[in-house]
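Undergrad: Pasting a structure below so you can have a look.
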Amino acid sequence: MELFLATKTGTPIIGQIASVMGWIMDGIYKMLDGLFGIQNIGLCIIIFSILIFAFMTPLQIKQQKFSKLSAIMQPEIQKIQKKYQGKKDQASMMKMNEETQAVYQKYGVSPTGSCVQLAIQMPILFALYQVIYRIPAYVGSVKNIFTGVVDNLLAVNGYTDILQQFIKDHSMTRVRLVMDSAGNATSNSIVDFLYALSPSQWKELAKMDQFSGFSDAITKASGNISKMQGFCGLNIADQPLYYIMEFFKNHGSLLLAIVALLIPVLAWATQMLNLKLMPQAATQPADGNDQASAMANSMKTMNMVMPLMSAFFCFTFPVGLGIYWIASAVVRSAQQFAINRHLDKMNIDDLVNENMKKIEAKRAKEGLPPQKITNQAHQSAKNINKPVINKGNSGNNGASDRTQKVDTAYEKARSAKPGSITAKANLVRDFDERNKKK
């Protein structure tokens, strides 16, 4: 695996977001240094993760409100799909889409309800990863530590070949020097090289005859970066596997090996906790829907495999990435716990009423009668569900109760407060109904 730590990503949008996040993390570093005299990248990563995921809390709430309604809507949508199963003609497909859309309108949500939140979150998460993965590129306070040493190295004749040989001799497979047009290593790639050095490798670099003229500068930079990269006795630029192998091969520290082993173990445990707290789709009774069953099994498998993959990657990724992985999972778990408590206090008709108000406000700005459309959709959805609700079997009692709650929500909308958007929409609906009778 190669590291391009000092080279910023050129991906549109993600690159710009990562630059802003880099300023934030640099600000965190300077604040800790200025107020408490703490210069530690690991602690910055934890605080940074808390701030970013706290910022995304409103998006998470919106997404999971949709998920809660989606879990309730899913049985109704599956009934529609079963009703038109095997019918591929255009009329049937249009009718199925119409009835499906009616269910979404009945609950006041859009079929793409969660896509908007995901579309916003994904670039933020990708940018967040870039900042953690390429710290010297985005955190100026870290990159500045290497400036003096880099300038001295660039002045040494044949420095590129010397560094290439050092990389080869020390099996630094994660580092590759990037060359300029003249075939010399760029200053950014030298920063990457220095950032990846372990404390023992810094000492060996300072002892080299070619760099004897500025060995003091190397030693000073080594002390500064070692203090910044130290976290619970580990160097965040090293891999947990390195400390474990050092213990078995060279009789290294058992304590450090245990701490290093905790990185992938905690990554697995926190990911599992996060998945347990995430709202799960309601399990549907077996009704011959092989596609739904396959999707459920696939999701269950993925929920088991993903935490294991996190643990595996954390063995071979730098400790800094493992810290981010654990910190972000813990923050998401705390966030999810709070969101679950918030959503548990809300019932279905509250959510529907909330969605109705938002739709009505939006359509009122456009001069359209929102309540009329919503009521039509509600009536269509009621008609779709009637044959199922009237069957009287116990498996459908939950669906009947949910439909009754939605009915109650719409009855409340009929007796809206005078002067409200809902009341105005009701007037428009009544006016249209009177015109129809004429």
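Each chain in the structure tokens gets a letter, A, B, ..., in the order shown, and its residues are numbered from 1; ligands are numbered from 1 in order too.
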Quick one: contact table of segment 65-178 of chain A to segment 12-20 of chain A, 12 Å max, nearest atom pair and distance in Å to one decimal per residue, counting only C-alpha atoms, chain and number order, as JSON lines?
TA:
{"residue": "A:Ala119", "atom": "CA", "partner": "A:Ile13", "partner_atom": "CA", "distance": 11.9}
{"residue": "A:Ile120", "atom": "CA", "partner": "A:Ile13", "partner_atom": "CA", "distance": 10.9}
{"residue": "A:Gln121", "atom": "CA", "partner": "A:Ile14", "partner_atom": "CA", "distance": 11.0}
{"residue": "A:Met122", "atom": "CA", "partner": "A:Ile14", "partner_atom": "CA", "distance": 9.2}
{"residue": "A:Pro123", "atom": "CA", "partner": "A:Ile14", "partner_atom": "CA", "distance": 5.5}
{"residue": "A:Ile124", "atom": "CA", "partner": "A:Ile17", "partner_atom": "CA", "distance": 6.8}
{"residue": "A:Leu125", "atom": "CA", "partner": "A:Ile14", "partner_atom": "CA", "distance": 8.9}
{"residue": "A:Phe126", "atom": "CA", "partner": "A:Ile14", "partner_atom": "CA", "distance": 6.7}
{"residue": "A:Ala127", "atom": "CA", "partner": "A:Ala18", "partner_atom": "CA", "distance": 4.6}
{"residue": "A:Leu128", "atom": "CA", "partner": "A:Ala18", "partner_atom": "CA", "distance": 6.4}
{"residue": "A:Tyr129", "atom": "CA", "partner": "A:Ala18", "partner_atom": "CA", "distance": 8.6}
{"residue": "A:Gln130", "atom": "CA", "partner": "A:Ala18", "partner_atom": "CA", "distance": 6.6}
{"residue": "A:Val131", "atom": "CA", "partner": "A:Ala18", "partner_atom": "CA", "distance": 6.0}
{"residue": "A:Ile132", "atom": "CA", "partner": "A:Ala18", "partner_atom": "CA", "distance": 9.6}
{"residue": "A:Tyr133", "atom": "CA", "partner": "A:Ala18", "partner_atom": "CA", "distance": 10.9}
{"residue": "A:Arg134", "atom": "CA", "partner": "A:Ala18", "partner_atom": "CA", "distance": 10.0}
{"residue": "A:Ile135", "atom": "CA", "partner": "A:Ala18", "partner_atom": "CA", "distance": 10.6}
{"residue": "A:Pro136", "atom": "CA", "partner": "A:Ser19", "partner_atom": "CA", "distance": 11.8}
{"residue": "A:Ala137", "atom": "CA", "partner": "A:Ser19", "partner_atom": "CA", "distance": 9.0}
{"residue": "A:Tyr138", "atom": "CA", "partner": "A:Ser19", "partner_atom": "CA", "distance": 6.3}
{"residue": "A:Val139", "atom": "CA", "partner": "A:Ser19", "partner_atom": "CA", "distance": 9.1}
{"residue": "A:Gly140", "atom": "CA", "partner": "A:Ser19", "partner_atom": "CA", "distance": 10.8}
Undergrad: Please identify all polymer residues within 8 Å of Phe193 of chain A, counting only C-alpha atoms, omitting same-chain residues fewer than 4 positions from it, and present them as a PyMOL selection string.
TA: chain A and resi 175-177+189+197
Undergrad: From segment 173-384 of chain A, collect each residue whose DSSP state is alpha helix (DSSP H) and return the set as a ChimeraX atom specification.
TA: /A:187-195,199-207,215-229,240-250,254-277,290-316,319-344,348-365,370-384
Undergrad: Find the residues of segment 53-171 of chain A that sit at most 12 Å from segment 202-218 of chain A; for each, write down the nearest two atoms and how far apart they are in Å, to one decimal. Count only C-alpha atoms. Sort by chain, then by number going up, and give it as CSV.
TA:
residue,atom,partner,partner_atom,distance
A:Ile145,CA,A:Ala217,CA,10.3
A:Phe146,CA,A:Ile218,CA,8.9
A:Thr147,CA,A:Ala217,CA,10.3
A:Gly148,CA,A:Ala217,CA,7.2
A:Val149,CA,A:Ile218,CA,6.1
A:Val150,CA,A:Ile218,CA,9.5
A:Asp151,CA,A:Phe214,CA,10.5
A:Asn152,CA,A:Phe214,CA,7.1
A:Leu153,CA,A:Phe211,CA,7.6
A:Leu154,CA,A:Phe211,CA,10.9
A:Ala155,CA,A:Phe211,CA,10.2
A:Val156,CA,A:Gln210,CA,7.5
A:Asn157,CA,A:Gln210,CA,8.9
A:Gly158,CA,A:Gln210,CA,9.6
A:Tyr159,CA,A:Gln210,CA,8.7
A:Thr160,CA,A:Gln210,CA,12.0
A:Asp161,CA,A:Gln210,CA,11.6
A:Ile162,CA,A:Gln210,CA,8.4
A:Leu163,CA,A:Leu205,CA,9.4
A:Gln165,CA,A:Leu205,CA,11.6
A:Phe166,CA,A:Leu205,CA,8.3
A:Ile167,CA,A:Leu205,CA,10.8
A:Asp169,CA,A:Glu204,CA,11.3
A:His170,CA,A:Glu204,CA,10.2
Undergrad: Which is closer to Gln64 of chain A than all the others in A:Trp325, A:Cys115, A:Ile52, A:Leu255, using only C-alpha atoms?
TA: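 Ranking A:Trp325, A:Cys115, A:Ile52, A:Leu255 by distance to Gln64 of chain A, first place goes to A:Cys115.
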Undergrad: So, counting only C-alpha atoms, which residue among A:Val352, A:Leu234, A:Lys365, A:Thr57 is closest to Val109 of chain A?
TA: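 Checking each of A:Val352, A:Leu234, A:Lys365, A:Thr57 against Val109 of chain A, counting only C-alpha atoms, the winner is A:Val352.
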Undergrad: Neighbouring residues of Gly27 of chain A were defined as those with any atom within 12 Å, considering only C-alpha atoms; residues of the same chain fewer than 6 positions away were excluded. Please report them as a PyMOL selection string.
TA: chain A and resi 20-21+33-35+41+44-45+47-48+138-142
Undergrad: Give me a file of those residues, with N, CA, C and O atoms, as a short mmCIF file (atom, residue, chain, number, x, y, z; two decimals), in the first residue's frame.
TA:
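Okay, this is what ended up in result.cif:
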data_model
loop_
_atom_site.label_atom_id
_atom_site.label_comp_id
_atom_site.auth_asym_id
_atom_site.auth_seq_id
_atom_site.Cartn_x
_atom_site.Cartn_y
_atom_site.Cartn_z
N VAL A 20 -11.21 22.30 3.61
CA VAL A 20 -11.90 22.96 4.73
C VAL A 20 -11.72 22.17 6.02
O VAL A 20 -11.44 22.73 7.09
N MET A 21 -11.85 20.83 5.92
CA MET A 21 -11.66 19.99 7.10
C MET A 21 -10.22 20.06 7.61
O MET A 21 -9.98 19.98 8.82
N ASP A 33 -2.48 23.04 21.42
CA ASP A 33 -1.10 23.47 21.69
C ASP A 33 -1.10 24.79 22.45
O ASP A 33 -0.36 24.96 23.43
N GLY A 34 -1.93 25.75 22.02
CA GLY A 34 -1.93 27.07 22.64
C GLY A 34 -2.51 27.08 24.04
O GLY A 34 -1.98 27.76 24.93
N LEU A 35 -3.60 26.33 24.26
CA LEU A 35 -4.28 26.36 25.56
C LEU A 35 -3.69 25.39 26.57
O LEU A 35 -3.61 25.70 27.77
N ILE A 41 -1.39 14.30 17.48
CA ILE A 41 -2.26 14.11 16.33
C ILE A 41 -3.39 13.13 16.67
O ILE A 41 -4.52 13.30 16.21
N CYS A 44 -6.11 14.92 18.30
CA CYS A 44 -6.77 15.77 17.29
C CYS A 44 -7.75 14.96 16.45
O CYS A 44 -8.84 15.44 16.12
N ILE A 45 -7.36 13.74 16.08
CA ILE A 45 -8.22 12.88 15.27
C ILE A 45 -9.52 12.58 16.00
O ILE A 45 -10.61 12.61 15.43
N ILE A 47 -11.00 14.36 18.53
CA ILE A 47 -11.83 15.58 18.64
C ILE A 47 -12.42 15.93 17.28
O ILE A 47 -13.59 16.32 17.16
N PHE A 48 -11.61 15.79 16.24
CA PHE A 48 -12.04 16.08 14.88
C PHE A 48 -13.22 15.19 14.49
O PHE A 48 -14.21 15.66 13.91
N TYR A 138 -2.92 18.31 4.69
CA TYR A 138 -4.03 19.18 5.07
C TYR A 138 -3.81 19.92 6.39
O TYR A 138 -4.48 20.92 6.64
N VAL A 139 -2.91 19.41 7.22
CA VAL A 139 -2.67 20.04 8.52
C VAL A 139 -1.31 20.74 8.46
O VAL A 139 -0.26 20.11 8.59
N GLY A 140 -1.37 22.05 8.25
CA GLY A 140 -0.14 22.81 8.05
C GLY A 140 0.83 22.74 9.21
O GLY A 140 2.05 22.74 9.01
N SER A 141 0.31 22.68 10.45
CA SER A 141 1.18 22.62 11.63
C SER A 141 2.04 21.37 11.65
O SER A 141 3.15 21.38 12.18
N VAL A 142 1.53 20.29 11.08
CA VAL A 142 2.30 19.04 11.01
C VAL A 142 3.35 19.14 9.91
O VAL A 142 4.52 18.80 10.10
#
Undergrad: Pro307 of chain A: which residues within 8 Å, counting only C-alpha atoms, same-chain residues fewer than 4 positions away excluded, as a PyMOL selection string?
TA: chain A and resi 267-269+271-272+303+311
Undergrad: Just checking: using only C-alpha atoms, which residue out of A:Gln336, A:Gln81, A:Ser67, A:Gln39 ends up closest to Gly223 of chain A?
TA: A:Gln39
Undergrad: Interatomic distance between atom CA of Ala260 of chain A and atom CA of Leu321 of chain A?
TA: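 Spanning atom CA of Ala260 of chain A to atom CA of Leu321 of chain A is a straight-line distance of 12.6 Å.
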Undergrad: Counting only C-alpha atoms, what is within 12 Å of Val259 of chain A, bar same-chain residues fewer than 3 positions away, as a list in words?
TA: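 Returned residues: Phe231, Cys232, Gly233, Leu234, Asn235, Gln239, Pro240, Leu241, Tyr242, Tyr243, Ile244, Phe247, Ser253, Leu254, Leu255, Leu256, Leu262, Ile263, Pro264, Val265, Leu266, Phe315, Val319, Gly322 and Ile323 of chain A.
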Undergrad: Could you tell me which of A:Ile24, A:Leu118, A:Ser49, A:Phe317 comes closest to Lys62 of chain A if we count only C-alpha atoms?
TA: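 Answer, going by the shortest atom-to-atom distance: A:Leu118.
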Undergrad: Given the choices A:Arg332, A:Lys30, A:Lys143, A:Lys227, which gets closest to Ile50 of chain A if the distance is worked out from only C-alpha atoms?
TA: A:Arg332
